[in-house]
file entry.cif (mmCIF, C-alpha atoms and all ligand atoms)
data_query
loop_
_atom_site.label_atom_id
_atom_site.label_comp_id
_atom_site.auth_asym_id
_atom_site.auth_seq_id
_atom_site.Cartn_x
_atom_site.Cartn_y
_atom_site.Cartn_z
CA VAL A 1 122.16 134.69 85.96
CA CYS A 2 119.86 131.80 86.71
CA LEU A 3 121.94 128.72 87.44
CA LEU A 4 119.21 126.43 86.18
CA LEU A 5 118.98 125.49 82.55
CA GLN A 6 115.63 125.39 80.82
CA GLY A 7 114.27 121.83 80.93
CA PRO A 8 112.80 120.01 77.93
CA ASP A 9 109.36 120.75 79.34
CA PRO A 10 109.30 123.80 81.63
CA SER A 11 105.83 122.86 82.90
CA GLU A 12 107.48 119.89 84.60
CA ALA A 13 109.45 122.18 86.86
CA TYR A 14 109.04 120.59 90.25
CA ARG A 15 107.58 123.49 92.13
CA PRO A 16 106.89 126.52 90.01
CA GLY A 17 106.00 129.58 91.99
CA ASN A 18 105.48 133.24 92.17
CA GLU A 19 108.93 134.77 92.03
CA GLU A 20 109.19 138.46 92.42
CA GLU A 21 112.57 139.63 93.53
CA THR A 22 114.68 137.32 91.52
CA ASN A 23 116.67 137.16 88.37
CA CYS A 24 115.58 133.61 87.60
CA PRO A 25 112.67 133.23 85.19
CA LYS A 26 109.34 132.10 86.65
CA GLY A 27 109.07 128.44 87.56
CA GLN A 28 112.80 127.92 87.58
CA PHE A 29 113.46 127.30 91.29
CA ARG A 30 113.46 123.81 92.78
CA ASN A 31 113.53 122.24 89.34
CA TYR A 32 114.47 118.62 89.96
CA GLN A 33 114.00 117.56 86.34
CA SER A 34 116.87 119.35 84.72
CA GLY A 35 119.70 121.74 85.44
CA GLN A 36 123.44 121.80 85.65
CA LEU A 37 123.51 121.07 89.39
CA LEU A 38 121.15 118.08 89.15
CA ASP A 39 123.59 115.16 89.39
CA ARG A 40 124.99 116.48 92.64
CA VAL A 41 121.48 117.04 94.00
CA TYR A 42 120.28 113.53 93.08
CA THR A 43 123.34 111.86 94.58
CA THR A 44 122.78 113.69 97.88
CA TYR A 45 119.12 112.60 98.01
CA LYS A 46 119.93 108.98 97.13
CA LEU A 47 122.33 108.77 100.07
CA MET A 48 119.85 110.53 102.34
CA HIS A 49 116.87 108.38 101.43
CA THR A 50 118.89 105.21 101.89
CA GLN A 51 120.33 106.06 105.28
CA GLN A 52 117.78 108.22 107.14
CA THR A 53 116.08 105.62 109.33
CA VAL A 54 114.48 105.64 112.78
CA ASP A 55 117.70 104.30 114.29
CA PHE A 56 119.84 106.86 112.52
CA VAL A 57 117.67 109.79 113.62
CA LYS A 58 117.76 108.65 117.25
CA LYS A 59 121.55 108.37 117.10
CA GLN A 60 121.88 111.84 115.65
CA GLN A 61 119.56 113.35 118.25
CA ALA A 62 121.77 111.87 120.97
CA LYS A 63 125.02 112.87 119.29
CA TRP A 64 124.04 116.51 118.71
CA GLY A 65 122.01 116.75 121.92
CA THR A 66 125.01 117.23 124.17
CA TYR A 67 125.65 120.85 123.11
CA LEU A 68 129.27 120.30 123.94
CA HIS A 69 130.61 120.64 120.40
CA THR A 70 131.59 124.29 120.63
CA GLU A 71 130.65 127.71 121.95
CA MET A 72 130.04 130.34 119.33
CA SER A 73 127.93 133.45 118.79
CA ILE A 74 125.34 133.64 116.03
CA MET A 75 127.54 136.08 114.09
CA GLU A 76 130.57 133.78 114.34
CA ALA A 77 128.46 130.89 113.08
CA LEU A 78 127.20 132.96 110.12
CA ASP A 79 130.73 133.88 109.16
CA ALA A 80 131.72 130.22 109.33
CA LEU A 81 128.98 129.35 106.83
CA ASP A 82 131.05 131.16 104.21
CA GLN A 83 132.88 127.88 103.77
CA LEU A 84 129.76 125.92 102.87
CA VAL A 85 128.01 125.30 99.55
CA ASP A 86 124.80 123.26 99.90
CA GLU A 87 125.00 120.19 97.64
CA SER A 88 121.26 119.54 97.78
CA ASP A 89 120.30 122.95 96.41
CA PRO A 90 119.51 122.92 92.70
CA ASP A 91 119.35 126.72 92.60
CA VAL A 92 122.54 128.20 93.95
CA ASP A 93 126.22 127.56 93.92
CA PHE A 94 127.58 130.26 96.25
CA PRO A 95 128.33 130.23 99.99
CA ASN A 96 125.44 129.89 102.37
CA SER A 97 126.16 133.06 104.37
CA PHE A 98 124.95 135.20 101.44
CA HIS A 99 121.70 133.25 101.38
CA ALA A 100 121.22 134.08 105.08
CA TYR A 101 121.41 137.84 104.46
CA GLN A 102 119.39 137.65 101.23
CA THR A 103 116.58 135.86 103.07
CA ALA A 104 116.67 138.27 106.02
CA GLU A 105 116.68 141.35 103.77
CA GLY A 106 113.75 139.99 101.75
CA ILE A 107 111.76 139.57 104.95
CA ARG A 108 112.81 143.02 106.19
CA LYS A 109 111.33 144.69 103.08
CA VAL A 110 107.91 143.07 103.52
CA HIS A 111 107.86 142.81 107.34
CA PRO A 112 109.86 145.83 108.53
CA ASP A 113 108.20 145.72 111.95
CA LYS A 114 108.95 142.03 112.67
CA ASP A 115 112.59 141.98 113.73
CA TRP A 116 112.28 138.40 115.03
CA PHE A 117 111.10 137.27 111.58
CA GLN A 118 114.12 138.93 109.97
CA LEU A 119 116.32 137.11 112.49
CA VAL A 120 114.67 133.82 111.53
CA GLY A 121 115.68 134.53 107.93
CA LEU A 122 119.23 135.17 109.05
CA VAL A 123 119.65 132.07 111.22
CA HIS A 124 117.40 129.45 109.60
CA ASP A 125 120.22 127.59 107.86
CA ILE A 126 122.97 127.93 110.47
CA GLY A 127 122.41 124.30 111.44
CA LYS A 128 124.28 123.48 108.25
CA MET A 129 127.34 124.06 110.41
CA MET A 130 127.16 120.33 111.12
CA ALA A 131 128.60 119.77 107.64
CA LEU A 132 131.66 121.81 108.58
CA TRP A 133 132.04 119.65 111.67
CA GLY A 134 132.17 116.43 109.70
CA GLU A 135 128.58 115.35 109.07
CA PRO A 136 127.95 114.20 105.49
CA GLN A 137 125.68 116.55 103.54
CA TRP A 138 122.90 113.96 103.32
CA ALA A 139 122.53 114.22 107.13
CA VAL A 140 122.47 118.01 107.08
CA VAL A 141 120.83 119.56 104.02
CA GLY A 142 117.86 118.95 101.73
CA ASP A 143 114.15 118.42 102.23
CA THR A 144 113.07 116.63 105.40
CA PHE A 145 110.38 114.00 105.96
CA PRO A 146 109.09 111.88 108.85
CA VAL A 147 110.75 108.54 109.59
CA GLY A 148 108.88 105.83 111.50
CA CYS A 149 105.98 105.77 109.04
CA LYS A 150 105.55 105.18 105.34
CA PHE A 151 107.62 107.43 103.09
CA GLN A 152 104.94 109.28 101.13
CA ASN A 153 104.97 110.02 97.41
CA SER A 154 105.25 113.75 98.09
CA ILE A 155 108.95 113.29 98.96
CA VAL A 156 111.30 114.40 96.18
CA PHE A 157 112.71 111.50 94.11
CA ARG A 158 110.44 109.14 96.11
CA ASP A 159 110.24 106.50 93.36
CA SER A 160 113.90 105.83 92.83
CA THR A 161 115.76 106.55 96.06
CA PHE A 162 114.22 104.58 98.96
CA ASP A 163 114.70 101.00 97.74
CA ASP A 164 117.74 100.40 99.95
CA ASN A 165 116.32 102.03 103.09
CA PRO A 166 115.80 99.19 105.62
CA ASP A 167 112.77 100.93 107.18
CA THR A 168 110.75 100.37 103.99
CA LYS A 169 110.83 96.64 104.79
CA ASP A 170 110.18 97.03 108.53
CA SER A 171 106.52 96.42 109.36
CA ARG A 172 106.73 98.73 112.38
CA TYR A 173 107.63 101.65 110.16
CA ASN A 174 106.15 101.14 106.71
CA THR A 175 102.43 101.71 107.34
CA GLU A 176 100.48 104.94 106.93
CA TYR A 177 100.84 105.83 110.64
CA GLY A 178 103.78 103.62 111.58
CA ILE A 179 104.76 104.33 115.18
CA TYR A 180 102.49 107.41 115.40
CA GLY A 181 98.85 108.04 116.21
CA PRO A 182 96.42 110.12 114.17
CA HIS A 183 97.03 113.87 114.62
CA CYS A 184 99.79 113.25 117.18
CA GLY A 185 101.51 116.53 116.24
CA LEU A 186 104.67 117.22 114.25
CA SER A 187 106.66 118.03 117.36
CA ASN A 188 106.14 114.41 118.47
CA ILE A 189 107.47 112.96 115.25
CA LEU A 190 110.97 111.88 114.34
CA MET A 191 111.96 113.94 111.30
CA SER A 192 114.85 112.93 109.08
CA TRP A 193 117.94 114.45 110.68
CA GLY A 194 119.13 117.75 109.26
CA HIS A 195 119.87 121.42 109.84
CA ASP A 196 116.25 122.39 110.66
CA GLU A 197 115.88 120.21 113.73
CA TYR A 198 119.42 120.86 114.92
CA MET A 199 119.09 124.65 114.80
CA TYR A 200 115.69 124.51 116.48
CA ARG A 201 117.20 122.46 119.29
CA VAL A 202 120.21 124.73 119.66
CA LEU A 203 117.97 127.81 119.98
CA LYS A 204 115.74 126.09 122.54
CA PHE A 205 118.67 124.81 124.56
CA ASN A 206 120.19 128.28 124.68
CA ASN A 207 116.90 129.89 125.74
CA CYS A 208 116.69 132.20 122.72
CA SER A 209 113.53 134.29 122.88
CA ILE A 210 112.45 134.04 119.23
CA PRO A 211 108.64 133.64 119.31
CA GLU A 212 107.05 130.25 118.76
CA GLU A 213 106.08 131.00 115.14
CA GLY A 214 109.71 131.75 114.37
CA LEU A 215 111.00 128.59 116.02
CA TYR A 216 108.41 126.67 114.05
CA MET A 217 109.60 128.15 110.76
CA ILE A 218 113.16 127.14 111.58
CA ARG A 219 112.19 123.61 112.60
CA PHE A 220 110.04 122.79 109.58
CA HIS A 221 111.23 125.02 106.74
CA SER A 222 112.66 122.03 104.82
CA PHE A 223 109.56 119.88 105.29
CA TYR A 224 108.40 120.52 101.72
CA PRO A 225 106.17 117.43 101.53
CA TRP A 226 104.06 119.14 104.21
CA HIS A 227 104.20 122.90 103.67
CA ASN A 228 104.40 122.72 99.90
CA GLY A 229 102.95 119.29 99.10
CA GLY A 230 100.02 119.47 101.53
CA ASP A 231 100.89 115.96 102.71
CA TYR A 232 101.17 114.43 106.22
CA MET A 233 98.07 116.26 107.45
CA HIS A 234 97.00 112.99 109.11
CA LEU A 235 99.84 113.50 111.60
CA CYS A 236 99.21 117.20 112.26
CA ASN A 237 97.41 118.58 115.29
CA GLU A 238 95.65 121.95 115.61
CA LYS A 239 98.88 123.73 116.53
CA ASP A 240 100.58 122.49 113.35
CA LYS A 241 97.68 123.66 111.21
CA GLU A 242 97.78 127.05 112.89
CA MET A 243 101.52 127.36 112.27
CA LEU A 244 101.43 126.20 108.65
CA HIS A 245 100.77 129.65 107.21
CA TRP A 246 103.84 131.03 109.00
CA VAL A 247 106.03 128.30 107.53
CA LYS A 248 104.61 129.07 104.07
CA GLU A 249 105.17 132.78 104.55
CA PHE A 250 108.78 132.10 105.46
CA ASN A 251 109.29 129.79 102.50
CA LYS A 252 108.62 132.58 99.97
CA PHE A 253 111.69 134.40 101.19
CA ASP A 254 113.84 131.31 101.58
CA LEU A 255 113.24 130.45 97.91
CA TYR A 256 112.65 133.61 96.00
CA THR A 257 115.36 135.84 97.35
CA LYS A 258 118.03 133.55 95.90
CA SER A 259 120.03 135.61 93.49
CA THR A 260 123.63 135.86 92.37
CA ASP A 261 123.38 139.59 93.11
CA LEU A 262 125.20 139.23 96.43
CA PRO A 263 124.54 141.59 99.36
CA ASP A 264 127.16 143.73 101.10
CA VAL A 265 127.38 141.69 104.28
CA GLU A 266 129.71 144.03 106.18
CA GLU A 267 127.31 146.92 105.70
CA LEU A 268 124.35 144.89 107.01
CA LYS A 269 126.07 143.42 110.06
CA PRO A 270 125.39 146.21 112.60
CA TYR A 271 121.64 146.12 111.92
CA TYR A 272 121.46 142.37 112.45
CA GLN A 273 123.85 142.33 115.40
CA PHE A 274 121.34 144.52 117.22
CA ILE A 275 118.55 141.98 116.64
CA ILE A 276 120.77 139.06 117.58
CA ASP A 277 121.62 140.80 120.86
CA LYS A 278 117.92 141.20 121.56
CA TYR A 279 116.90 137.55 121.04
CA CYS A 280 120.02 135.32 121.10
CA PRO A 281 122.86 137.22 122.78
CA GLY A 282 126.40 136.09 123.44
CA LYS A 283 127.99 132.73 122.90
CA LEU A 284 125.64 129.81 122.35
CA HIS A 285 126.33 126.16 123.17
CA TRP A 286 126.29 124.05 119.98
C1 LIG A 301 117.89 128.09 130.12
O1 LIG A 301 116.92 128.32 131.12
C2 LIG A 301 116.81 127.28 132.09
C3 LIG A 301 115.61 127.57 132.98
O2 LIG A 301 115.64 128.90 133.43
C4 LIG A 301 118.14 127.19 132.85
O3 LIG A 301 118.08 126.15 133.79
C5 LIG A 301 119.25 126.87 131.84
O4 LIG A 301 120.51 126.86 132.48
C6 LIG A 301 119.28 127.91 130.72
N1 LIG A 301 120.21 127.47 129.70
C7 LIG A 301 121.22 128.19 129.23
C8 LIG A 301 122.09 127.56 128.23
O5 LIG A 301 121.45 129.33 129.61
FE FE A 302 117.36 125.34 105.04
FE FE A 303 117.49 128.51 103.31
#
call {"tool": "encode", "arguments": {"input": "entry.cif", "output": "structure tokens"}}
result
Amino acid sequence: VCLLLQGPDPSEAYRPGNEEETNCPKGQFRNYQSGQLLDRVYTTYKLMHTQQTVDFVKKQQAKWGTYLHTEMSIMEALDALDQLVDESDPDVDFPNSFHAYQTAEGIRKVHPDKDWFQLVGLVHDIGKMMALWGEPQWAVVGDTFPVGCKFQNSIVFRDSTFDDNPDTKDSRYNTEYGIYGPHCGLSNILMSWGHDEYMYRVLKFNNCSIPEEGLYMIRFHSFYPWHNGGDYMHLCNEKDKEMLHWVKEFNKFDLYTKSTDLPDVEELKPYYQFIIDKYCPGKLHW
């Protein structure tokens, strides 16, 4: 069953795409015009777009940059995600751990030889753990965007949600480049704080050996204005442009494997435990 209702004009669906392995009709994912989950989604974005500022992002980087919150294995973290439903997601209303296995299994079918890519599918949303540790959802989930420069029109709900963000009135931050230089590189930019950046940092801190492309997918998978909207190219360097196709390749599976046909997690665990042990073994510092 597709959780989205047909909008008054289906062609207005926010980002129609090429769904294959799904039970939602074409063009029905990431519909921000209509749908029964829309009020909850809009409310989350309004809070996010009001409060994600340069100061806030710096505070969050310091707060979560201690890695003293807990020690936990990847598998323990995945199990913990069972308690979380993402309030920014217009497509699904079931616990996030299923989404982890659905994404990984989708990647496994198309890329059976890339175990690290499958692992990326499995772990990409684990940063949402911050919500279980008390962070509000607007600081954890949803699309990400750069702070410190003008908020571009490619950001979802751009027109109606940024009016109360103090950075829009700060002349240091509200120009095309803001505090950045042309083609300075995405890794040198302050992104709105959320689960992408946190998980990337956790994996780096713990010396996980996922290849660079994989870490890149994790770090920027929610940066839809860039990988889907084609925006912010004026801040990208050559490395970012090279990595863009990997982020797009990942996104297919993140989106189009969403289905209420839930996988048998217990059956899949041994296969994925083996890959976890290869790239990110033991207890990690979070
Ligand atoms: C990661 O590797 C660095 C350099 O080898 C080492 O100093 C650090 O302790 C390692 N971190 C963890 C969490 O194992
Ligand atoms: Fe995500
Ligand atoms: Fe995801």
call {"tool": "closest_residue", "arguments": {"input": "entry.cif", "among": "A:Ser73, A:Gln51, A:Asn96, A:Ser171", "to": "ligand FE 302 (chain A)", "atoms": "all atoms listed in the file"}}
result
A:Asn96
call {"tool": "residues_near_ligand", "arguments": {"input": "entry.cif", "ligand": "ligand LIG 301 (chain A)", "cutoff": "6 Å", "atoms": "all atoms listed in the file", "output": "PyMOL selection string"}}
result
chain A and resi 205-207
call {"tool": "closest_residue", "arguments": {"input": "entry.cif", "among": "A:Asp89, A:His285, A:Met75, A:Tyr67", "to": "Arg40 in chain A", "atoms": "only C-alpha atoms"}}
result
A:Asp89
call {"tool": "closest_residue", "arguments": {"input": "entry.cif", "among": "A:Gly106, A:Pro182, A:Pro136, A:Gly229", "to": "Glu87 in chain A", "atoms": "all atoms listed in the file"}}
result
A:Pro136
call {"tool": "residues_around", "arguments": {"input": "entry.cif", "residues": "Asp264 in chain A", "least_positions_apart": "3", "cutoff": "10 Å", "atoms": "only C-alpha atoms", "output": "PDB file with C-alpha atoms, in the coordinates of the input"}}
result
ATOM      1  CA  PHE A  98     124.950 135.200 101.440  1.00  0.00           C
ATOM      2  CA  TYR A 101     121.410 137.840 104.460  1.00  0.00           C
ATOM      3  CA  GLN A 102     119.390 137.650 101.230  1.00  0.00           C
ATOM      4  CA  ASP A 261     123.380 139.590  93.110  1.00  0.00           C
ATOM      5  CA  GLU A 267     127.310 146.920 105.700  1.00  0.00           C
ATOM      6  CA  LEU A 268     124.350 144.890 107.010  1.00  0.00           C
ATOM      7  CA  LYS A 269     126.070 143.420 110.060  1.00  0.00           C
TER       8      LYS A 269
END
call {"tool": "atom_distance", "arguments": {"input": "entry.cif", "atom1": "CA of Gly185 in chain A", "atom2": "CA of Leu215 in chain A"}}
result
15.3 Å
call {"tool": "closest_atom_pairs", "arguments": {"input": "entry.cif", "of": "chain A", "to": "ligand FE 302 (chain A)", "cutoff": "7 Å", "atoms": "only C-alpha atoms and all ligand atoms", "output": "tab-separated table"}}
result
residue	atom	partner	partner_atom	distance
A:His124	CA	A:FE302	FE	6.1
A:Asp125	CA	A:FE302	FE	4.6
A:Val141	CA	A:FE302	FE	6.8
A:His195	CA	A:FE302	FE	6.7
A:Asp196	CA	A:FE302	FE	6.4
A:His221	CA	A:FE302	FE	6.4
A:Ser222	CA	A:FE302	FE	5.8
call {"tool": "closest_residue", "arguments": {"input": "entry.cif", "among": "A:Gln83, A:Pro281, A:Leu203, A:Tyr42", "to": "Ala131 in chain A", "atoms": "all atoms listed in the file"}}
result
A:Gln83
call {"tool": "residues_around", "arguments": {"input": "entry.cif", "residues": "Met129 in chain A", "least_positions_apart": "4", "cutoff": "12 Å", "atoms": "only C-alpha atoms", "output": "PyMOL selection string"}}
result
chain A and resi 64+69-70+72+74+76-86+96-97+123-125+133-137+139-141+194-196+198-199+202+286
call {"tool": "residues_around", "arguments": {"input": "entry.cif", "residues": "Trp226 in chain A", "least_positions_apart": "6", "cutoff": "10 Å", "atoms": "only C-alpha atoms", "output": "list in words"}}
result
Thr144, Phe145, Pro146, Ser154, Ile155, Phe220, Tyr232, Met233, Cys236, Leu244, Val247 and Lys248 of chain A
call {"tool": "atom_distance", "arguments": {"input": "entry.cif", "atom1": "CA of Tyr45 in chain A", "atom2": "CA of Phe162 in chain A"}}
result
9.4 Å
call {"tool": "atom_distance", "arguments": {"input": "entry.cif", "atom1": "CA of Lys278 in chain A", "atom2": "CA of His99 in chain A"}}
result
22.0 Å
call {"tool": "residues_around", "arguments": {"input": "entry.cif", "residues": "Ser192 in chain A", "least_positions_apart": "6", "cutoff": "10 Å", "atoms": "all atoms listed in the file", "output": "compact mmCIF listing (two decimals) with C-alpha atoms, in the frame of the given file"}}
result
# COMPACT_ATOMS: atom_id res chain seq x y z
CA MET A 48 119.85 110.53 102.34
CA HIS A 49 116.87 108.38 101.43
CA GLN A 51 120.33 106.06 105.28
CA GLN A 52 117.78 108.22 107.14
CA THR A 53 116.08 105.62 109.33
CA VAL A 54 114.48 105.64 112.78
CA PHE A 56 119.84 106.86 112.52
CA VAL A 57 117.67 109.79 113.62
CA LYS A 58 117.76 108.65 117.25
CA GLN A 60 121.88 111.84 115.65
CA TRP A 138 122.90 113.96 103.32
CA ALA A 139 122.53 114.22 107.13
CA VAL A 140 122.47 118.01 107.08
CA GLY A 142 117.86 118.95 101.73
CA ASP A 143 114.15 118.42 102.23
CA THR A 144 113.07 116.63 105.40
CA PHE A 145 110.38 114.00 105.96
CA PRO A 146 109.09 111.88 108.85
CA VAL A 147 110.75 108.54 109.59
CA GLY A 148 108.88 105.83 111.50
CA PHE A 223 109.56 119.88 105.29
call {"tool": "closest_residue", "arguments": {"input": "entry.cif", "among": "A:Phe253, A:Tyr216, A:Phe157, A:Phe117", "to": "ligand FE 303 (chain A)", "atoms": "all atoms listed in the file"}}
result
A:Phe253
call {"tool": "residues_around", "arguments": {"input": "entry.cif", "residues": "Lys169 in chain A", "least_positions_apart": "5", "cutoff": "12 Å", "atoms": "all atoms listed in the file", "output": "count of residues only"}}
result
10
call {"tool": "decode", "arguments": {"input": "entry.cif", "residues": "range 68-90 of chain A", "atoms": "N, CA and C atoms", "output": "mmCIF file, in the first residue's frame"}}
result
data_model
loop_
_atom_site.group_PDB
_atom_site.id
_atom_site.type_symbol
_atom_site.label_atom_id
_atom_site.label_comp_id
_atom_site.auth_asym_id
_atom_site.auth_seq_id
_atom_site.Cartn_x
_atom_site.Cartn_y
_atom_site.Cartn_z
ATOM 1 N N LEU A 68 31.578 10.695 23.219
ATOM 2 C CA LEU A 68 31.519 10.147 24.569
ATOM 3 C C LEU A 68 30.078 9.822 24.977
ATOM 4 N N HIS A 69 29.183 9.804 23.990
ATOM 5 C CA HIS A 69 27.770 9.586 24.329
ATOM 6 C C HIS A 69 27.485 8.142 24.696
ATOM 7 N N THR A 70 28.042 7.221 23.911
ATOM 8 C CA THR A 70 27.875 5.808 24.254
ATOM 9 C C THR A 70 28.848 4.965 23.437
ATOM 10 N N GLU A 71 28.946 3.695 23.777
ATOM 11 C CA GLU A 71 29.690 2.743 22.957
ATOM 12 C C GLU A 71 28.713 1.664 22.535
ATOM 13 N N MET A 72 28.705 1.385 21.238
ATOM 14 C CA MET A 72 27.676 0.513 20.694
ATOM 15 C C MET A 72 28.157 -0.035 19.356
ATOM 16 N N SER A 73 27.833 -1.287 19.077
ATOM 17 C CA SER A 73 28.179 -1.834 17.756
ATOM 18 C C SER A 73 27.169 -1.354 16.717
ATOM 19 N N ILE A 74 27.516 -1.521 15.465
ATOM 20 C CA ILE A 74 26.597 -1.159 14.378
ATOM 21 C C ILE A 74 25.275 -1.937 14.523
ATOM 22 N N MET A 75 25.376 -3.223 14.811
ATOM 23 C CA MET A 75 24.161 -4.044 14.911
ATOM 24 C C MET A 75 23.275 -3.584 16.079
ATOM 25 N N GLU A 76 23.883 -3.238 17.182
ATOM 26 C CA GLU A 76 23.102 -2.726 18.324
ATOM 27 C C GLU A 76 22.399 -1.417 17.958
ATOM 28 N N ALA A 77 23.103 -0.586 17.212
ATOM 29 C CA ALA A 77 22.515 0.695 16.803
ATOM 30 C C ALA A 77 21.333 0.461 15.856
ATOM 31 N N LEU A 78 21.485 -0.482 14.932
ATOM 32 C CA LEU A 78 20.389 -0.798 13.998
ATOM 33 C C LEU A 78 19.152 -1.281 14.751
ATOM 34 N N ASP A 79 19.379 -2.146 15.706
ATOM 35 C CA ASP A 79 18.254 -2.656 16.499
ATOM 36 C C ASP A 79 17.559 -1.516 17.240
ATOM 37 N N ALA A 80 18.359 -0.568 17.723
ATOM 38 C CA ALA A 80 17.791 0.558 18.465
ATOM 39 C C ALA A 80 16.905 1.423 17.568
ATOM 40 N N LEU A 81 17.208 1.459 16.275
ATOM 41 C CA LEU A 81 16.420 2.284 15.350
ATOM 42 C C LEU A 81 14.983 1.779 15.194
ATOM 43 N N ASP A 82 14.725 0.586 15.684
ATOM 44 C CA ASP A 82 13.354 0.067 15.691
ATOM 45 C C ASP A 82 12.383 1.000 16.390
ATOM 46 N N GLN A 83 12.913 1.816 17.287
ATOM 47 C CA GLN A 83 12.036 2.701 18.068
ATOM 48 C C GLN A 83 11.758 4.018 17.362
ATOM 49 N N LEU A 84 12.313 4.204 16.166
ATOM 50 C CA LEU A 84 12.225 5.509 15.528
ATOM 51 C C LEU A 84 11.380 5.507 14.255
ATOM 52 N N VAL A 85 10.457 6.463 14.156
ATOM 53 C CA VAL A 85 9.756 6.740 12.904
ATOM 54 C C VAL A 85 10.143 8.159 12.493
ATOM 55 N N ASP A 86 10.621 8.307 11.263
ATOM 56 C CA ASP A 86 11.120 9.595 10.773
ATOM 57 C C ASP A 86 9.953 10.530 10.436
ATOM 58 N N GLU A 87 9.871 11.658 11.150
ATOM 59 C CA GLU A 87 8.739 12.570 10.969
ATOM 60 C C GLU A 87 8.891 13.502 9.771
ATOM 61 N N SER A 88 10.033 13.427 9.089
ATOM 62 C CA SER A 88 10.206 14.269 7.895
ATOM 63 C C SER A 88 9.916 13.485 6.623
ATOM 64 N N ASP A 89 9.676 12.193 6.758
ATOM 65 C CA ASP A 89 9.537 11.335 5.583
ATOM 66 C C ASP A 89 8.078 11.262 5.143
ATOM 67 N N PRO A 90 7.783 11.774 3.943
ATOM 68 C CA PRO A 90 6.396 11.740 3.494
ATOM 69 C C PRO A 90 5.979 10.365 2.978
#
